[in-house]
Amino acid sequence: MGVDMGELRGTHVPVLLERCLELLAPALDRRGAVHVDFTLGLGGHAEAVLERHPDTVLVGLDRDLEALAHSRRRLERFAGRTHLVHAVYDELPEVLADLGYPAFHSGLFDLGVSSLQLDEADRGFAYAKDAPLDMRMDQSRGITAEEVVNGYEPGELVRILRQYGEEKFAQRIVSAIVRERAKGRIVSSARLADLVRDAIPAAARRTGGNPAKRTFQALRIEVNAELAALESAVPAALDLLAPKGRLVVMSYQSLEDRIVKRALAERARSTGPVDLPVELPGTGPSLRLLTRGSEPPTAAEVAENPRAASVKLRAAERIDEQDQARGAARERPRMSATHGGRGRRRPGEHQEGEGH
């Protein structure tokens with residue numbers, strides 16, 4: 001990997017830490033609760049959970065071996081109630097089965113790139129730092145961004161930039177890449193960032209931040225198969241969530257948030273005929289949404305941690321099957337009047353069960 005695992009690198013300010021803990025607390029307060037951190041990273045959220053809930057067991061997943069080394073060192077005082085596993089989050093069913101847990105009670109996804117991956121130039125994620133074009137979250141396997149940039153057919157590169165980066169200048173960028181790679185292999189993040197900047201019209205470069213942002217996002221998603229993993233991971237997690245268990249997901253771009261929103265909404269509504277006046281047994285929702293749509297960070301949170309600026313938080317609770325049974329054949333609830341305003345409700349103000 002080119003990294004000494006004894007040399008711990010990177011800094012970490014957990015995103016929306018207090019809000020996550022507040023939402024998860026009812027599930028974490030249960031005796032013997034199992035908490036799954038699907039994206040362990042540098043362990044900031046996990047450490048807070050273990051400190052505040054001394055009876056909770058942690059199952060921490062991460063595909064990044066260096067991040068796991070960090071977390072193992074950080075959480076070593078809790079070693080008796082932690083299981084840190086080298087795995088992608090869609091591998092949860094196998095991980096829990098191996099550990100002998102039939103379900104979990106609390107879970108957190110903190111999606112996107114970790115602080116370690118962004119801060120350390122040699123990982124190749126940051127367009128503002130020159131590094132080999134790697135972008136693998138798990139540096140022990142898989143293709144690199146260099147292989148994608150230099151080896152994919154032009155049409156496939158255009159599709160990736162449009163689909164995963166929502167880049168409207170994809171064709172121009174790929175044309176520049178193809179011309180450049182015909183002269184010699186593109187191997188550095190700085191060279192790629194320069195190519196992207198020069199390919200985009202000058203007027204478009206003046207707004208929206210670094211012009212390479214969308215291209216680097218698209219390549220990262222392709223290299224790590226992030227969206228495919230997320231599409232299977234969220235439903236699998238909901239299947240294994242215990243009754244009254246809670247799940248919090250933080251996403252940082254619209255493609256991720258769309259997947260999460262769809263997965264939660266699907267289970268938060270009835271599957272019975274809409275024209276019946278009563279809820280039929282087995283057709284009621286299995287989830288209760290805990291946030292009104294997606295919650296953004298507050299200005300204070302962004303000031304404290306600028307990487308929280310784009311975060312969208314969603315949370316849900318698994319409905320107890322006994323509660324479902326007691327509610328069978330009941331009259332459908334009438335739709336309430338729409339709420340005025342769309343601002344985030346702060347702790348104590350939000351109305352649980354709302355979503356859109």
# chains A, B, ... in the order shown; residues from 1 in each chain; ligands from 1
>>> closest_atom_pairs(of="range 22-82 of chain A", to="range 214-229 of chain A", cutoff="12 Å", atoms="only C-alpha atoms", output="tab-separated table")
residue	atom	partner	partner_atom	distance
A:Phe38	CA	A:Ala229	CA	11.7
A:Arg63	CA	A:Asn224	CA	9.7
A:Asp64	CA	A:Asn224	CA	11.0
>>> atom_distance(atom1="CA of Arg141 in chain A", atom2="CA of His35 in chain A")
27.5 Å
>>> select_by_dssp(residues="range 92-198 of chain A", states="strand (DSSP E)", output="short mmCIF file (atom, residue, chain, number, x, y, z; two decimals) with C-alpha atoms, in the first residue's frame")
data_model
loop_
_atom_site.label_atom_id
_atom_site.label_comp_id
_atom_site.auth_asym_id
_atom_site.auth_seq_id
_atom_site.Cartn_x
_atom_site.Cartn_y
_atom_site.Cartn_z
CA PHE A 104 -28.57 -4.77 14.78
CA HIS A 105 -30.27 -1.97 16.71
CA SER A 106 -28.54 1.20 15.55
CA GLY A 107 -26.69 2.08 12.37
CA LEU A 108 -24.87 5.00 10.75
CA PHE A 109 -23.79 5.59 7.16
CA ASP A 110 -21.43 8.56 6.66
#
>>> closest_residue(among="A:Met137, A:Val88, A:Ala203, A:Ala33", to="Ser232 in chain A", atoms="only C-alpha atoms")
A:Val88
>>> residues_around(residues="Leu195 in chain A", least_positions_apart="3", cutoff="10 Å", atoms="only C-alpha atoms", output="PyMOL selection string")
chain A and resi 173-177+180+186+189-192+198-200+212
>>> write_last_selection(atoms="N, CA, C and O atoms", output="compact mmCIF listing (two decimals), in the first residue's frame")
# COMPACT_ATOMS: atom_id res chain seq x y z
N ILE A 173 -14.40 17.32 -22.04
CA ILE A 173 -13.37 16.82 -21.13
C ILE A 173 -12.78 15.52 -21.65
O ILE A 173 -11.55 15.34 -21.67
N VAL A 174 -13.63 14.61 -22.08
CA VAL A 174 -13.14 13.32 -22.57
C VAL A 174 -12.31 13.51 -23.85
O VAL A 174 -11.29 12.84 -24.04
N SER A 175 -12.71 14.41 -24.71
CA SER A 175 -11.93 14.68 -25.92
C SER A 175 -10.52 15.15 -25.55
O SER A 175 -9.52 14.74 -26.18
N ALA A 176 -10.42 16.00 -24.54
CA ALA A 176 -9.11 16.47 -24.08
C ALA A 176 -8.30 15.32 -23.49
O ALA A 176 -7.08 15.23 -23.71
N ILE A 177 -8.95 14.45 -22.72
CA ILE A 177 -8.26 13.29 -22.14
C ILE A 177 -7.74 12.38 -23.24
O ILE A 177 -6.59 11.91 -23.19
N GLU A 180 -4.71 13.83 -24.92
CA GLU A 180 -3.54 13.83 -24.05
C GLU A 180 -2.98 12.42 -23.88
O GLU A 180 -1.76 12.22 -23.92
N ILE A 186 -1.63 9.40 -18.74
CA ILE A 186 -1.98 10.40 -17.71
C ILE A 186 -1.89 9.70 -16.36
O ILE A 186 -2.64 8.76 -16.07
N SER A 189 -2.90 13.34 -10.59
CA SER A 189 -4.16 14.05 -10.35
C SER A 189 -4.06 15.50 -10.80
O SER A 189 -5.03 16.07 -11.32
N ALA A 190 -2.90 16.13 -10.62
CA ALA A 190 -2.74 17.53 -11.03
C ALA A 190 -2.86 17.67 -12.55
O ALA A 190 -3.47 18.62 -13.05
N ARG A 191 -2.28 16.72 -13.29
CA ARG A 191 -2.37 16.79 -14.75
C ARG A 191 -3.81 16.64 -15.21
O ARG A 191 -4.27 17.35 -16.11
N LEU A 192 -4.52 15.71 -14.61
CA LEU A 192 -5.92 15.51 -14.97
C LEU A 192 -6.74 16.75 -14.63
O LEU A 192 -7.57 17.20 -15.44
N ASP A 198 -8.88 23.23 -18.48
CA ASP A 198 -8.65 23.81 -19.81
C ASP A 198 -9.75 23.42 -20.80
O ASP A 198 -9.98 24.13 -21.78
N ALA A 199 -10.43 22.28 -20.55
CA ALA A 199 -11.46 21.80 -21.47
C ALA A 199 -12.80 22.51 -21.27
O ALA A 199 -13.63 22.55 -22.17
N ILE A 200 -12.99 23.08 -20.10
CA ILE A 200 -14.26 23.72 -19.78
C ILE A 200 -14.23 25.18 -20.21
O ILE A 200 -13.21 25.87 -20.03
N ALA A 212 -12.70 20.73 -11.70
CA ALA A 212 -12.41 19.29 -11.75
C ALA A 212 -13.25 18.49 -10.76
O ALA A 212 -13.21 17.26 -10.78
>>> select_by_dssp(residues="range 193-317 of chain A", states="helix (DSSP H, G or I)", output="MDAnalysis selection string")
chainID A and resid 193:199 202:205 213:224 226:240 254:267 299:304 306:308
>>> atom_distance(atom1="CA of Glu18 in chain A", atom2="CA of Leu96 in chain A")
26.6 Å
>>> closest_residue(among="A:Ala27, A:Ala233, A:Pro54, A:Gly184", to="Ala87 in chain A", atoms="only C-alpha atoms")
A:Ala233
